[in-house]
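A.B. asks: This one is target38.txt, compact mmCIF, C-alpha atoms and all ligand atoms.
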```txt
# COMPACT_ATOMS: atom_id res chain seq x y z
CA MET J 107 59.48 84.34 107.03
CA MET J 108 62.48 85.15 109.25
CA GLN J 109 63.86 87.42 106.53
CA THR J 110 60.54 89.31 106.29
CA LYS J 111 60.55 89.84 110.07
CA ILE J 112 64.11 91.19 109.95
CA LEU J 113 63.18 93.52 107.08
CA PHE J 114 60.18 94.87 109.03
CA PHE J 115 62.38 95.32 112.11
CA LEU J 116 64.99 97.29 110.13
CA LEU J 117 62.28 99.42 108.53
CA PHE J 118 60.76 100.15 111.95
CA VAL J 119 64.16 101.09 113.43
CA SER J 120 65.06 103.43 110.54
CA VAL J 121 61.64 105.16 110.57
CA PHE J 122 61.94 105.56 114.36
CA LEU J 123 65.48 106.97 114.14
CA LEU J 124 64.67 109.36 111.28
CA GLY J 125 61.50 110.50 113.04
CA GLY J 126 63.53 111.07 116.21
CA GLU J 127 66.09 113.17 114.33
CA GLU J 128 63.41 115.30 112.61
CA GLY J 129 61.64 115.61 115.99
CA GLN J 130 64.77 117.08 117.54
CA TYR J 131 64.93 119.64 114.73
CA VAL J 132 61.28 120.62 115.32
CA GLN J 133 62.07 121.50 118.95
CA ALA J 134 65.26 123.31 117.98
CA ARG J 135 63.38 125.30 115.31
CA LYS J 136 60.79 126.36 117.88
CA GLY J 137 63.61 127.59 120.12
CA MET J 138 65.12 129.51 117.20
CA VAL J 139 61.82 131.29 116.51
CA GLU J 140 61.49 132.26 120.20
CA THR J 141 65.04 133.67 120.14
CA ILE J 142 64.24 135.69 117.01
CA GLU J 143 61.04 137.09 118.55
CA ARG J 144 62.96 138.16 121.67
CA GLU J 145 65.65 139.83 119.55
CA VAL J 146 63.02 141.63 117.45
CA GLY J 147 61.53 142.96 120.72
CA SER J 148 64.90 144.25 121.92
CA THR J 149 65.72 145.88 118.55
CA SER J 150 62.24 147.31 117.91
CA GLY J 151 63.68 150.84 118.13
CA TYR J 152 65.70 150.15 114.95
CA LEU J 153 63.04 148.12 113.20
CA GLY J 154 60.09 150.42 113.81
CA ARG J 155 57.98 147.40 114.78
CA GLU J 156 57.50 145.48 118.03
CA ARG J 157 56.90 142.05 116.53
CA LEU J 158 57.06 140.09 113.31
CA LYS J 159 54.00 139.41 111.19
CA GLN J 160 52.39 136.03 111.89
CA SER J 161 53.10 134.89 108.30
CA VAL J 162 56.85 135.43 108.88
CA ILE J 163 56.80 133.64 112.26
CA ASP J 164 54.95 130.72 110.65
CA ALA J 165 57.42 130.51 107.75
CA MET J 166 60.45 130.60 110.11
CA GLY J 167 58.81 127.88 112.21
CA LYS J 168 58.13 125.69 109.20
CA VAL J 169 61.14 125.76 106.82
CA PRO J 170 63.72 123.11 107.78
CA ARG J 171 66.92 125.24 107.94
CA HIS J 172 69.00 122.11 108.60
CA ARG J 173 68.27 120.95 105.03
CA PHE J 174 70.00 124.06 103.65
CA VAL J 175 73.30 123.69 105.52
CA PRO J 176 76.10 121.20 104.83
CA GLN J 177 75.65 117.87 106.70
CA LYS J 178 78.57 118.51 109.09
CA ARG J 179 77.02 121.79 110.27
CA ARG J 180 73.45 120.55 110.75
CA LYS J 181 73.83 120.42 114.51
CA TYR J 182 74.21 124.22 114.48
CA ALA J 183 71.36 124.85 112.02
CA TYR J 184 68.98 126.36 114.60
CA GLU J 185 71.50 128.58 116.33
CA ASN J 186 70.83 132.25 115.64
CA ARG J 187 73.94 132.84 113.53
CA PRO J 188 75.19 132.66 109.95
CA LEU J 189 76.90 129.42 108.87
CA PRO J 190 79.37 128.65 106.06
CA ILE J 191 77.84 126.97 102.99
CA GLY J 192 81.04 126.66 100.93
CA HIS J 193 82.69 128.86 98.25
CA GLY J 194 83.36 131.52 100.92
CA GLN J 195 79.60 132.18 101.32
CA THR J 196 77.16 131.93 104.21
CA ILE J 197 73.51 131.21 104.99
CA SER J 198 72.35 134.38 106.77
CA GLN J 199 71.53 134.67 110.48
CA PRO J 200 67.89 133.59 111.09
CA TYR J 201 67.06 136.90 112.86
CA ILE J 202 68.24 138.84 109.77
CA VAL J 203 66.29 136.54 107.41
CA ALA J 204 63.13 137.11 109.48
CA VAL J 205 63.59 140.89 109.73
CA MET J 206 64.35 141.35 106.01
CA THR J 207 61.32 139.23 105.08
CA ASP J 208 59.08 141.16 107.48
CA LEU J 209 60.18 144.55 106.16
CA LEU J 210 59.20 143.55 102.60
CA ASP J 211 55.51 143.45 103.66
CA ILE J 212 54.71 140.65 101.20
CA ASN J 213 51.53 138.57 101.02
CA ALA J 214 50.01 135.68 99.07
CA SER J 215 49.75 137.72 95.87
CA SER J 216 53.32 139.10 95.87
CA ARG J 217 55.97 138.40 93.23
CA VAL J 218 59.43 138.69 94.76
CA LEU J 219 62.96 138.89 93.34
CA GLU J 220 65.89 137.70 95.46
CA VAL J 221 69.52 138.50 94.57
CA GLY J 222 71.93 135.99 96.18
CA THR J 223 70.26 132.56 96.39
CA GLY J 224 73.12 131.07 98.45
CA SER J 225 71.69 127.98 100.14
CA GLY J 226 68.10 128.70 99.00
CA TYR J 227 66.85 129.15 102.60
CA GLN J 228 65.71 132.77 102.23
CA ALA J 229 63.97 131.85 98.96
CA ALA J 230 62.06 129.08 100.78
CA ILE J 231 60.97 131.50 103.54
CA LEU J 232 59.72 133.96 100.89
CA ALA J 233 57.97 131.17 98.98
CA GLU J 234 55.97 130.21 102.10
CA ILE J 235 54.39 133.69 102.05
CA ALA J 236 54.50 135.00 98.47
CA LYS J 237 52.93 133.82 95.22
CA GLU J 238 56.14 133.62 93.16
CA VAL J 239 59.83 133.91 93.99
CA TYR J 240 62.60 134.54 91.44
CA THR J 241 66.13 134.05 92.75
CA ILE J 242 69.54 134.66 91.16
CA GLU J 243 72.92 133.29 92.26
CA VAL J 244 76.28 134.10 90.71
CA ILE J 245 78.15 130.95 91.90
CA LYS J 246 76.92 128.07 89.77
CA GLU J 247 77.71 125.28 92.28
CA LEU J 248 75.66 127.05 94.99
CA ALA J 249 72.81 127.68 92.54
CA ALA J 250 72.77 123.98 91.60
CA THR J 251 72.73 122.79 95.25
CA ALA J 252 70.02 125.30 96.20
CA GLU J 253 67.89 124.32 93.21
CA LYS J 254 68.16 120.64 94.21
CA THR J 255 67.29 121.33 97.87
CA LEU J 256 64.27 123.44 96.93
CA ARG J 257 63.06 120.80 94.45
CA THR J 258 63.49 118.00 97.02
CA LEU J 259 61.45 120.01 99.53
CA GLY J 260 58.69 120.41 96.93
CA TYR J 261 58.74 124.19 96.30
CA LYS J 262 56.89 124.84 93.03
CA ASN J 263 56.71 128.66 93.19
CA ILE J 264 60.47 129.37 93.06
CA ARG J 265 62.45 129.95 89.85
CA THR J 266 66.24 129.86 90.13
CA ARG J 267 68.83 131.25 87.77
CA ILE J 268 72.62 131.56 87.55
CA GLY J 269 73.79 135.10 86.79
CA ASP J 270 74.79 138.52 88.06
CA GLY J 271 71.87 139.73 90.14
CA TYR J 272 73.05 143.36 89.94
CA TYR J 273 71.10 143.51 86.67
CA GLY J 274 67.97 141.87 88.16
CA TRP J 275 65.78 139.54 86.10
CA GLU J 276 64.13 141.69 83.46
CA ALA J 277 61.97 138.93 81.95
CA TYR J 278 59.70 138.70 85.03
CA ALA J 279 59.84 142.38 86.14
CA PRO J 280 58.31 144.38 87.70
CA TYR J 281 58.38 142.90 91.22
CA ASP J 282 56.31 143.80 94.28
CA ALA J 283 59.41 143.29 96.42
CA ILE J 284 63.16 142.84 95.93
CA ILE J 285 65.58 141.47 98.50
CA VAL J 286 69.35 141.60 98.09
CA THR J 287 71.32 139.30 100.39
CA ALA J 288 74.85 140.55 99.59
CA ALA J 289 76.24 144.02 100.34
CA SER J 290 76.41 146.55 97.53
CA GLY J 291 78.31 149.88 97.48
CA SER J 292 75.08 151.56 96.32
CA ILE J 293 71.56 150.58 95.27
CA PRO J 294 71.78 148.98 91.79
CA PRO J 295 69.77 151.16 89.31
CA PRO J 296 68.48 148.10 87.35
CA LEU J 297 66.85 146.80 90.57
CA LEU J 298 65.21 150.18 91.23
CA LYS J 299 63.84 150.07 87.69
CA GLN J 300 62.45 146.54 88.16
CA LEU J 301 60.63 147.46 91.38
CA LYS J 302 56.87 148.04 90.94
CA PRO J 303 55.41 151.45 91.94
CA GLY J 304 54.25 150.88 95.54
CA GLY J 305 56.95 148.21 95.96
CA ARG J 306 59.70 147.71 98.55
CA MET J 307 63.33 146.65 98.40
CA ILE J 308 65.58 145.62 101.27
CA ILE J 309 69.32 145.73 100.67
CA PRO J 310 72.54 145.90 102.72
CA VAL J 311 74.56 148.90 101.53
CA GLY J 312 78.24 149.55 102.30
CA GLY J 313 81.73 148.27 101.52
CA PHE J 314 82.92 144.84 102.71
CA SER J 315 85.42 146.19 105.25
CA ARG J 316 83.29 149.23 106.15
CA VAL J 317 80.07 149.55 108.12
CA GLN J 318 77.08 148.34 106.17
CA HIS J 319 73.47 149.26 106.80
CA LEU J 320 70.29 147.46 105.94
CA ILE J 321 68.35 149.94 103.80
CA LEU J 322 64.61 149.82 103.17
CA VAL J 323 63.77 151.36 99.80
CA ARG J 324 60.22 152.36 98.87
CA LYS J 325 58.98 153.32 95.41
CA ASP J 326 55.73 155.30 95.64
CA LEU J 327 52.92 155.15 93.11
CA ASN J 328 54.46 158.06 91.16
CA GLY J 329 57.81 156.27 90.99
CA SER J 330 59.58 158.46 93.59
CA ILE J 331 62.16 156.69 95.76
CA THR J 332 62.60 157.08 99.52
CA THR J 333 65.05 155.19 101.72
CA ARG J 334 65.26 154.41 105.43
CA GLN J 335 68.31 153.09 107.28
CA ILE J 336 67.31 150.16 109.49
CA LEU J 337 70.23 148.34 111.14
CA PRO J 338 74.01 148.03 110.98
CA VAL J 339 74.76 144.60 109.42
CA ARG J 340 77.59 142.46 108.03
CA PHE J 341 77.09 140.73 104.66
CA VAL J 342 79.38 139.17 102.05
CA PRO J 343 79.89 141.52 99.07
CA LEU J 344 77.78 141.65 95.94
CA THR J 345 80.30 140.57 93.31
CA GLY J 346 80.23 140.98 89.53
CA LYS J 347 81.58 143.19 86.74
CA HIS J 348 79.46 146.28 87.40
N1 LIG A 1 70.09 134.22 100.76
C1 LIG A 1 71.11 133.25 101.04
C2 LIG A 1 70.60 132.09 101.83
O1 LIG A 1 69.42 132.08 102.24
O2 LIG A 1 71.37 131.16 102.03
C3 LIG A 1 72.33 133.82 101.70
C4 LIG A 1 73.09 134.63 100.77
S1 LIG A 1 74.79 134.86 101.04
C5 LIG A 1 74.81 135.89 102.45
C6 LIG A 1 75.03 135.96 99.64
C7 LIG A 1 74.95 135.27 98.31
O3 LIG A 1 74.98 136.26 97.28
C8 LIG A 1 76.13 134.33 98.04
O4 LIG A 1 75.68 133.06 97.71
C9 LIG A 1 76.84 134.99 96.85
O5 LIG A 1 77.45 134.08 95.98
C10 LIG A 1 75.68 135.72 96.20
N2 LIG A 1 76.08 136.82 95.32
C11 LIG A 1 77.10 137.71 95.48
N3 LIG A 1 77.12 138.56 94.45
C12 LIG A 1 76.12 138.23 93.61
C13 LIG A 1 75.63 138.73 92.37
N4 LIG A 1 76.22 139.79 91.77
N5 LIG A 1 74.56 138.13 91.80
C14 LIG A 1 73.96 137.07 92.40
N6 LIG A 1 74.38 136.53 93.56
C15 LIG A 1 75.44 137.10 94.16
```
Show this structure as structure tokens.
Ligand code: SAM
C.D. replies:
Amino acid sequence: MMQTKILFFLLFVSVFLLGGEEGQYVQARKGMVETIEREVGSTSGYLGRERLKQSVIDAMGKVPRHRFVPQKRRKYAYENRPLPIGHGQTISQPYIVAVMTDLLDINASSRVLEVGTGSGYQAAILAEIAKEVYTIEVIKELAATAEKTLRTLGYKNIRTRIGDGYYGWEAYAPYDAIIVTAASGSIPPPLLKQLKPGGRMIIPVGGFSRVQHLILVRKDLNGSITTRQILPVRFVPLTGKH
């Protein structure tokens, strides 16, 4: 009887402590979203929009960013900055994740390709809004950790793959939207080919030690390409043999 009471007590304490920890993250996440909205307002001249779509705000307010960063960095998870995730790579700044997602103009019927899975956080944000997300990562250890995190969190509409994302993922093309989360010297032709007419791509373009710009690419219904420079940014390079 005494043992049962102790067991119940321990269960109560652990549920209380875990709930308390998750509760703290909920508040911190709310603060992060407010910071992003303020920053979007002050950079609206670059972005060509005053505020983020509600679907993007909701996704940023829902996805637990702390689950995508290494344990020792969780206390910083809701600060508006990139964080190291190992192997010389980073989880992107929340403001940048929100802006890139917003510029893709995706909805519940969209099929999206992501190049550079990293932690899996951006894929989760996309999966909250889109129908299907396909994501490619070149570093197999990162791909494995991201796949595990996304599975644990219950995402069923994300497919992950290890490989060189420069070449896209032909098997599921064409895509309504493509997002590249590493900087490329130019826009990879295979990705342009795998973009649906009427589709959008967002990609940082520029060398690693030079200025990079976030570029919004549009393919019109006749297949013609137009580009618009959005913001100066700083991303890790898109690696590979190309
Ligand atoms: N989207 C990620 C997230 O939410 O955590 C952040 C991505 S991090 C800034 C860029 C990622 O692109 C790194 O994980 C890197 O290994 C990956 N990467 C670089 N070159 C790549 C390539 N050719 N194909 C696929 N992934 C690549």
A.B. asks: Using only C-alpha atoms and all ligand atoms, which residues have at least one atom no more than 7 Å from ligand LIG 1 (chain A)? Output them as a PyMOL selection string.
C.D. replies: chain J and resi 195-198+221-229+242-245+248+269-272+287-288+341-346
A.B. asks: Which neighbours of stretch 142-149 of chain J fall inside 8 Å, counting only C-alpha atoms, when residues of the same chain fewer than 6 positions from it are skipped, and could you give them as a list in words?
C.D. replies: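 That gives Glu156, Arg157, Leu158, Asn186, Pro200, Tyr201, Ala204 and Val205 of chain J.
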A.B. asks: Provide the atom CA of J:Tyr240 to atom CA of J:Arg265 distance in Å, to one decimal place.
C.D. replies: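 Going from atom CA of J:Tyr240 over to atom CA of J:Arg265, I get 4.9 Å.
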A.B. asks: How many Å lie between atom CA of J:Pro170 and atom CA of J:Tyr131, rounded to one decimal?
C.D. replies: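 So the two atoms, atom CA of J:Pro170 and atom CA of J:Tyr131, lie 7.9 Å apart.
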A.B. asks: Between atom CA of J:Val203 and atom CA of J:Tyr261, what is the spacing in Å?
C.D. replies: 18.2 Å
A.B. asks: Of the residues J:Ala183, J:Ile231, J:Ile202, J:Val323, which is the one nearest to J:Lys302, using only C-alpha atoms?
C.D. replies: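 Of the candidates, the smallest distance to J:Lys302 is held by J:Val323.
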A.B. asks: Smallest atom-to-atom distance to J:Gln130: which of J:Tyr184, J:Asp164, J:Leu301, J:Pro176, using all atoms listed in the file?
C.D. replies: J:Tyr184
A.B. asks: With all atoms listed in the file as the basis for distance, which of J:Ile284, J:Glu128, J:Lys347, J:Leu219 is at the shortest distance from J:Ile321?
C.D. replies: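 Result for the nearest residue to J:Ile321: J:Ile284.
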A.B. asks: Could you model all heavy atoms for stretch 270-281 of chain J and present them as an mmCIF file, keeping the file's coordinate frame?
C.D. replies:
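And here is the file that came out, out-v8.cif:
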```cif
data_model
loop_
_atom_site.group_PDB
_atom_site.id
_atom_site.type_symbol
_atom_site.label_atom_id
_atom_site.label_comp_id
_atom_site.auth_asym_id
_atom_site.auth_seq_id
_atom_site.Cartn_x
_atom_site.Cartn_y
_atom_site.Cartn_z
ATOM 1 N N ASP J 270 74.439 137.374 87.231
ATOM 2 C CA ASP J 270 74.790 138.520 88.060
ATOM 3 C C ASP J 270 73.509 139.270 88.420
ATOM 4 O O ASP J 270 72.904 139.945 87.580
ATOM 5 C CB ASP J 270 75.759 139.428 87.286
ATOM 6 C CG ASP J 270 76.253 140.590 88.139
ATOM 7 O OD1 ASP J 270 75.692 140.817 89.236
ATOM 8 O OD2 ASP J 270 77.204 141.281 87.719
ATOM 9 N N GLY J 271 73.124 139.154 89.672
ATOM 10 C CA GLY J 271 71.870 139.730 90.140
ATOM 11 C C GLY J 271 71.846 141.248 90.161
ATOM 12 O O GLY J 271 70.778 141.848 90.344
ATOM 13 N N TYR J 272 73.008 141.881 89.996
ATOM 14 C CA TYR J 272 73.050 143.360 89.940
ATOM 15 C C TYR J 272 72.066 143.856 88.884
ATOM 16 O O TYR J 272 71.453 144.908 89.035
ATOM 17 C CB TYR J 272 74.479 143.798 89.600
ATOM 18 C CG TYR J 272 74.653 145.290 89.447
ATOM 19 C CD1 TYR J 272 75.002 146.089 90.535
ATOM 20 C CD2 TYR J 272 74.461 145.907 88.200
ATOM 21 C CE1 TYR J 272 75.167 147.456 90.393
ATOM 22 C CE2 TYR J 272 74.620 147.282 88.050
ATOM 23 C CZ TYR J 272 74.971 148.052 89.152
ATOM 24 O OH TYR J 272 75.122 149.408 89.006
ATOM 25 N N TYR J 273 71.945 143.081 87.798
ATOM 26 C CA TYR J 273 71.100 143.510 86.670
ATOM 27 C C TYR J 273 69.653 143.027 86.815
ATOM 28 O O TYR J 273 68.843 143.253 85.925
ATOM 29 C CB TYR J 273 71.710 143.012 85.349
ATOM 30 C CG TYR J 273 73.101 143.566 85.152
ATOM 31 C CD1 TYR J 273 74.228 142.790 85.430
ATOM 32 C CD2 TYR J 273 73.285 144.898 84.776
ATOM 33 C CE1 TYR J 273 75.507 143.315 85.307
ATOM 34 C CE2 TYR J 273 74.564 145.433 84.652
ATOM 35 C CZ TYR J 273 75.669 144.637 84.917
ATOM 36 O OH TYR J 273 76.918 145.173 84.807
ATOM 37 N N GLY J 274 69.332 142.352 87.930
ATOM 38 C CA GLY J 274 67.970 141.870 88.160
ATOM 39 C C GLY J 274 67.599 140.762 87.196
ATOM 40 O O GLY J 274 68.470 140.056 86.666
ATOM 41 N N TRP J 275 66.286 140.588 86.998
ATOM 42 C CA TRP J 275 65.780 139.540 86.100
ATOM 43 C C TRP J 275 64.628 140.185 85.330
ATOM 44 O O TRP J 275 63.472 140.105 85.715
ATOM 45 C CB TRP J 275 65.324 138.341 86.929
ATOM 46 C CG TRP J 275 65.097 137.086 86.161
ATOM 47 C CD1 TRP J 275 64.881 136.957 84.823
ATOM 48 C CD2 TRP J 275 65.052 135.759 86.709
ATOM 49 N NE1 TRP J 275 64.713 135.631 84.503
ATOM 50 C CE2 TRP J 275 64.817 134.880 85.638
ATOM 51 C CE3 TRP J 275 65.187 135.234 87.993
ATOM 52 C CZ2 TRP J 275 64.703 133.498 85.823
ATOM 53 C CZ3 TRP J 275 65.070 133.870 88.182
ATOM 54 C CH2 TRP J 275 64.847 133.012 87.105
ATOM 55 N N GLU J 276 65.036 140.853 84.250
ATOM 56 C CA GLU J 276 64.130 141.690 83.460
ATOM 57 C C GLU J 276 62.878 140.937 82.979
ATOM 58 O O GLU J 276 61.767 141.480 83.000
ATOM 59 C CB GLU J 276 64.939 142.214 82.243
ATOM 60 C CG GLU J 276 64.205 143.199 81.362
ATOM 61 C CD GLU J 276 64.116 144.593 81.978
ATOM 62 O OE1 GLU J 276 65.175 145.149 82.299
ATOM 63 O OE2 GLU J 276 62.986 145.091 82.115
ATOM 64 N N ALA J 277 63.059 139.691 82.582
ATOM 65 C CA ALA J 277 61.970 138.930 81.950
ATOM 66 C C ALA J 277 60.710 138.855 82.824
ATOM 67 O O ALA J 277 59.605 138.773 82.292
ATOM 68 C CB ALA J 277 62.458 137.529 81.621
ATOM 69 N N TYR J 278 60.873 138.850 84.143
ATOM 70 C CA TYR J 278 59.700 138.700 85.030
ATOM 71 C C TYR J 278 59.358 140.000 85.774
ATOM 72 O O TYR J 278 58.473 140.014 86.619
ATOM 73 C CB TYR J 278 59.931 137.553 86.022
ATOM 74 C CG TYR J 278 60.048 136.226 85.320
ATOM 75 C CD1 TYR J 278 61.289 135.653 85.080
ATOM 76 C CD2 TYR J 278 58.913 135.567 84.862
ATOM 77 C CE1 TYR J 278 61.407 134.453 84.408
ATOM 78 C CE2 TYR J 278 59.020 134.365 84.187
ATOM 79 C CZ TYR J 278 60.267 133.811 83.961
ATOM 80 O OH TYR J 278 60.376 132.626 83.283
ATOM 81 N N ALA J 279 60.090 141.089 85.467
ATOM 82 C CA ALA J 279 59.840 142.380 86.140
ATOM 83 C C ALA J 279 58.501 142.954 85.653
ATOM 84 O O ALA J 279 58.051 142.595 84.552
ATOM 85 C CB ALA J 279 60.988 143.323 85.824
ATOM 86 N N PRO J 280 57.853 143.855 86.416
ATOM 87 C CA PRO J 280 58.310 144.380 87.700
ATOM 88 C C PRO J 280 57.909 143.483 88.883
ATOM 89 O O PRO J 280 57.017 142.645 88.765
ATOM 90 C CB PRO J 280 57.564 145.709 87.780
ATOM 91 C CG PRO J 280 56.269 145.454 87.077
ATOM 92 C CD PRO J 280 56.589 144.477 85.973
ATOM 93 N N TYR J 281 58.595 143.699 90.006
ATOM 94 C CA TYR J 281 58.380 142.900 91.220
ATOM 95 C C TYR J 281 57.745 143.754 92.323
ATOM 96 O O TYR J 281 58.052 144.940 92.443
ATOM 97 C CB TYR J 281 59.715 142.344 91.723
ATOM 98 C CG TYR J 281 60.411 141.503 90.671
ATOM 99 C CD1 TYR J 281 61.385 142.066 89.838
ATOM 100 C CD2 TYR J 281 60.072 140.169 90.483
ATOM 101 C CE1 TYR J 281 62.008 141.306 88.851
ATOM 102 C CE2 TYR J 281 60.687 139.415 89.496
ATOM 103 C CZ TYR J 281 61.646 139.985 88.691
ATOM 104 O OH TYR J 281 62.241 139.234 87.704
#
```
